[in-house]
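Participant: There's a structure below that I have some questions on.
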Amino acid sequence: MDRRNFLKTTAAGAAAIALAGGPASVLTSCASKPAKSKVALNLSFQTGIAVGESYSEKFDYMESLGIVGYEPGGQELVKNYDQIAKALEGRNLKVSAICAGFRGFILAEDPAVKADFDSSMREIIDAAGQIGSTGVIMVPAFNHQKPCKPHTLETRDYLCEQLHDLGEYALSKGTVVILEPLNRGEAFYMRLVADAAAICRDSNSEGVKCMGDFWHMKEETSDYGALMSAGKQYLRHVHIASRGRRVTPGEDGEKDNYVEGFRAMKELEFPYFMSFECGCAGDRAEANTKAVELLRAQWEQA
Ligand code: MG
């Protein structure tokens with residue numbers, strides 16, 4: 001048998017074995033895989049990314065770039081709810097997520113700080129549900145937040161219990177909480193997307209989801225692996241920035257390659273949003289236009 005025939009035979013044999021012995025789920029997922037190119041890239045801006053003074057100006061600008069999501073801060077949403085809701089009326093723009101904004105933190109040792117977290121977070125969740133947000137982003141504890149419960153198994157159990165209650169509350173308001181893993185310089189407690197996803201699972205509430213931020217994900221060994229580890233069940237949001245200085249995507253040149261991560265998002269048929277959370281090294285309007293083009297091109301490539 002020559003080499004070509006040998007490869008043909010063994011490939012056919014391997015396929016036959018896979019069909020005969022593979023679990024049904026594997027066959028189903030292969031059979032139902034959509035054309036990756038049909039999955040849309042839903043781009044979103046945080047308030048500071050959009051050029052313009054008023055919400056109406058910002059939203060006009062975003063629509064001109066084909067941006068379909070908007071991510072306000074939590075305090076901003078509570079304070080300017082009516083203004084934001086009115087400016088969004090009749091537009092092709094959805095609230096993609098709410099970026100934190102609560103006071104205190106969930107792992108605070110001081111009961112007063114924890115109580116402040118509980119009340120302010122619930123106030124933001126109420127507003128998020130009312131405006132139809134995909135979720136409310138939170139971090140369990142930043143490195144600088146002290147006194148903080150020690151990083152032990154008991155603390156993790158406590159976190160999961162607390163998140164369960166918060167997730168159920170968010171569900172009752174029509175939204176979810178979204179855990180954001182950060183790099184170790186900001187929050188060593190939860191750094192990897194897979195770790196956040198495991199906390200979602202162990203919180204045992206459909207109201208607890210997680211996200212990936214391409215900036216913080218520089219600590220991951222694989223963008224693809226990180227986002228796939230959260231999977232359809234837990235991945236609810238994505239943040240994007242350049243990968244050298246956390247400025248606008250594209251401003252760090254060749255470092256700004258997101259194709260692997262985008263491939264995961266396509267394979268997951270990710271239906272939610274990817275928000276710009278970044279500074280800008282040059283002119284904001286010019287950088288945004290180029291970034292949108294770059295990301296759409298990489299999405300096509302993925
Ligand atoms: Mg982020």
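Each chain in the structure tokens gets a letter, A, B and so on, in the order shown; residues start at 1 in every chain, and ligands are counted from 1 in the order they appear.
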Would you mind listing, for every residue of range 97-138 of chain A within 12 Å of range 255-272 of chain A, the two atoms forming the shortest contact and the distance between them in Å to one decimal, using only C-alpha atoms, sorted by chain and ascending residue number, as JSON lines?
Facilitator:
```
{"residue": "A:Ala97", "atom": "CA", "partner": "A:Tyr272", "partner_atom": "CA", "distance": 9.4}
{"residue": "A:Ser133", "atom": "CA", "partner": "A:Tyr272", "partner_atom": "CA", "distance": 10.6}
{"residue": "A:Thr134", "atom": "CA", "partner": "A:Tyr272", "partner_atom": "CA", "distance": 7.6}
{"residue": "A:Gly135", "atom": "CA", "partner": "A:Tyr272", "partner_atom": "CA", "distance": 10.3}
```
Participant: Hey, which residues sit close to ligand 1? Say within 8 Å, counting only C-alpha atoms and all ligand atoms, and write them as an NGL selection string.
Facilitator: :A and (180 or 182 or 212-213 or 215-216 or 238-240 or 277)
Participant: Please dump the current selection as an mmCIF file, in the first residue's frame; keep N, CA and C atoms.
Facilitator:
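Output contents, as saved in selection-v5.cif:
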```
data_model
loop_
_atom_site.group_PDB
_atom_site.id
_atom_site.type_symbol
_atom_site.label_atom_id
_atom_site.label_comp_id
_atom_site.auth_asym_id
_atom_site.auth_seq_id
_atom_site.Cartn_x
_atom_site.Cartn_y
_atom_site.Cartn_z
ATOM 1 N N GLU A 180 -16.302 38.907 36.496
ATOM 2 C CA GLU A 180 -15.198 39.261 35.606
ATOM 3 C C GLU A 180 -13.852 38.888 36.236
ATOM 4 N N LEU A 182 -9.937 39.093 36.546
ATOM 5 C CA LEU A 182 -8.960 40.143 36.218
ATOM 6 C C LEU A 182 -7.549 39.576 36.305
ATOM 7 N N GLY A 212 -15.109 37.206 29.621
ATOM 8 C CA GLY A 212 -13.674 37.288 29.371
ATOM 9 C C GLY A 212 -13.336 38.697 28.942
ATOM 10 N N ASP A 213 -12.194 39.198 29.384
ATOM 11 C CA ASP A 213 -11.715 40.525 28.980
ATOM 12 C C ASP A 213 -10.355 40.299 28.319
ATOM 13 N N TRP A 215 -8.006 42.046 27.632
ATOM 14 C CA TRP A 215 -6.868 42.677 28.298
ATOM 15 C C TRP A 215 -6.359 41.778 29.435
ATOM 16 N N HIS A 216 -7.259 41.408 30.319
ATOM 17 C CA HIS A 216 -6.857 40.554 31.450
ATOM 18 C C HIS A 216 -6.466 39.151 30.982
ATOM 19 N N VAL A 238 -18.050 39.986 26.826
ATOM 20 C CA VAL A 238 -16.614 40.081 26.527
ATOM 21 C C VAL A 238 -16.220 41.559 26.531
ATOM 22 N N HIS A 239 -15.016 41.850 27.048
ATOM 23 C CA HIS A 239 -14.424 43.191 26.961
ATOM 24 C C HIS A 239 -13.217 43.119 26.029
ATOM 25 N N ILE A 240 -12.960 44.235 25.367
ATOM 26 C CA ILE A 240 -11.802 44.257 24.478
ATOM 27 C C ILE A 240 -11.030 45.565 24.612
ATOM 28 N N GLU A 277 -13.488 48.459 26.318
ATOM 29 C CA GLU A 277 -13.140 48.995 27.646
ATOM 30 C C GLU A 277 -11.653 49.327 27.562
#
```
Participant: Quick check, in Å to one decimal: how far apart do CA of Arg91 in chain A and CA of Cys210 in chain A lie?
Facilitator: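 CA of Cys210 in chain A lies at a distance of 27.1 Å from CA of Arg91 in chain A.
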Participant: Using only C-alpha atoms, pick whichever of A:Glu76, A:Ala226, A:Glu71, A:Phe102 has the shortest atom-to-atom distance to Ala115 in chain A.
Facilitator: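 Nearest to Ala115 in chain A: A:Phe102.
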Participant: Have a look at A:Lys146, A:Lys114, A:Lys209, A:Arg156 and name the one nearest to Val177 in chain A; count only C-alpha atoms.
Facilitator: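 Among the listed residues, A:Lys209 lies closest to Val177 in chain A.
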Participant: Quick one: distance from CA of Val78 in chain A to CA of Ile124 in chain A in Å, one decimal?
Facilitator: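 Taking CA of Val78 in chain A and CA of Ile124 in chain A, their separation equals 6.4 Å.
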Participant: Between CA of Met217 in chain A and CA of Thr248 in chain A, what is the distance in Å, rounded to a tenth?
Facilitator: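 Spanning CA of Met217 in chain A to CA of Thr248 in chain A is a straight-line distance of 15.9 Å.
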Participant: Would you mind listing what lies within 12 Å of Gln130 in chain A as a ChimeraX atom specification, with only C-alpha atoms counted and same-chain residues fewer than 6 positions away left out?
Facilitator: /A:77-78,81-82,84-85,95,123-124,170-175
Participant: Write out as number ranges by chain which residues come within 6 Å of range 230-233 of chain A when counting only C-alpha atoms, dropping same-chain ones fewer than 3 positions away.
Facilitator: A: 194, 197, 227, 268
Participant: Given the selection you just returned, output its residues as a file containing N, CA, C and O atoms, formatted as a PDB file, in the first residue's frame.
Facilitator:
```pdb
ATOM      1  N   ALA A 194     -11.772  30.157  33.205  1.00  0.00           N
ATOM      2  CA  ALA A 194     -12.219  28.836  33.663  1.00  0.00           C
ATOM      3  C   ALA A 194     -12.533  28.849  35.163  1.00  0.00           C
ATOM      4  O   ALA A 194     -13.465  28.174  35.616  1.00  0.00           O
ATOM      5  N   ALA A 197     -15.826  30.488  35.581  1.00  0.00           N
ATOM      6  CA  ALA A 197     -16.890  29.579  35.128  1.00  0.00           C
ATOM      7  C   ALA A 197     -17.167  28.504  36.179  1.00  0.00           C
ATOM      8  O   ALA A 197     -18.318  28.129  36.420  1.00  0.00           O
ATOM      9  N   LEU A 227     -12.083  31.047  26.523  1.00  0.00           N
ATOM     10  CA  LEU A 227     -13.503  31.319  26.250  1.00  0.00           C
ATOM     11  C   LEU A 227     -14.293  30.016  26.118  1.00  0.00           C
ATOM     12  O   LEU A 227     -15.432  29.925  26.585  1.00  0.00           O
ATOM     13  N   LEU A 268     -19.024  29.021  19.619  1.00  0.00           N
ATOM     14  CA  LEU A 268     -20.030  29.012  20.689  1.00  0.00           C
ATOM     15  C   LEU A 268     -21.322  29.687  20.240  1.00  0.00           C
ATOM     16  O   LEU A 268     -22.284  29.753  21.002  1.00  0.00           O
TER      17      LEU A 268
END
```
Participant: Counting only C-alpha atoms, what are the residues of range 58-83 of chain A within 12 Å of range 280-290 of chain A, and for each of them which pair of atoms is the nearest and at what distance in Å, to one decimal? Sort the table by chain and rising number, as CSV.
Facilitator:
```
residue,atom,partner,partner_atom,distance
A:Lys58,CA,A:Ala285,CA,11.4
A:Tyr61,CA,A:Ala285,CA,9.4
A:Met62,CA,A:Asn288,CA,9.8
A:Ser64,CA,A:Thr289,CA,10.0
A:Leu65,CA,A:Thr289,CA,7.2
A:Gly66,CA,A:Thr289,CA,10.3
A:Ile67,CA,A:Asn288,CA,10.7
```
Participant: Can you pull out every residue within 10 Å of Phe276 in chain A, counting only C-alpha atoms, but drop anything in the same chain fewer than 2 positions away, and send it as a PyMOL selection string?
Facilitator: chain A and resi 43-50+70-71+213+238-242+247-249+273-274+278-279+288+291-292
Participant: Which is closest to Asn143 in chain A among A:Asp110, A:Glu186, A:Asp157, A:Asp165, if we use only C-alpha atoms?
Facilitator: A:Glu186
Participant: Restricting the calculation to only C-alpha atoms: of A:Glu161, A:Asp223, A:Glu293, A:Asp118, which residue gets closest to Gly104 in chain A?
Facilitator: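 Smallest separation from Gly104 in chain A among the options: A:Asp118.
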Participant: From the set A:Leu294, A:Ala187, A:Cys200, A:Met228, which residue has the shortest atom-to-atom contact distance to Cys148 in chain A, counting only C-alpha atoms?
Facilitator: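 Of all the options, A:Ala187 lies closest to Cys148 in chain A.
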Participant: Of the candidates A:Asn92, A:Gln83, A:Gln162, A:Ser54, which shows the shortest atom-to-atom distance to Ile106 in chain A, using only C-alpha atoms?
Facilitator: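 Result for the nearest residue to Ile106 in chain A: A:Gln162.
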Participant: Extract the full set of strand (DSSP E) residues from range 127-256 of chain A according to DSSP on the backbone, and format it as an MDAnalysis selection string.
Facilitator: chainID A and resid 136:138 177:179 208:213 235:240
Participant: Report as a PyMOL selection string: the residues of range 81-158 of chain A with a DSSP assignment of alpha helix (DSSP H), based on the backbone of this structure.
Facilitator: chain A and resi 81-88+111-131+153-158
Participant: For Ser205 in chain A, list every protein, DNA or RNA residue within 7 Å, evaluated using only C-alpha atoms, and leave out those in the same chain fewer than 4 positions away; present the list as a count of residues only.
Facilitator: 3
Participant: Using only C-alpha atoms, determine which residues lie at most 12 Å from Gly90 in chain A, disregarding the query and same-chain residues fewer than 2 positions distant; provide the list as a list in words.
Facilitator: Ser56, Phe59, Asp60, Glu63, Ala85, Lys86, Ala87, Leu88, Asn92, Leu93 and Lys94 of chain A
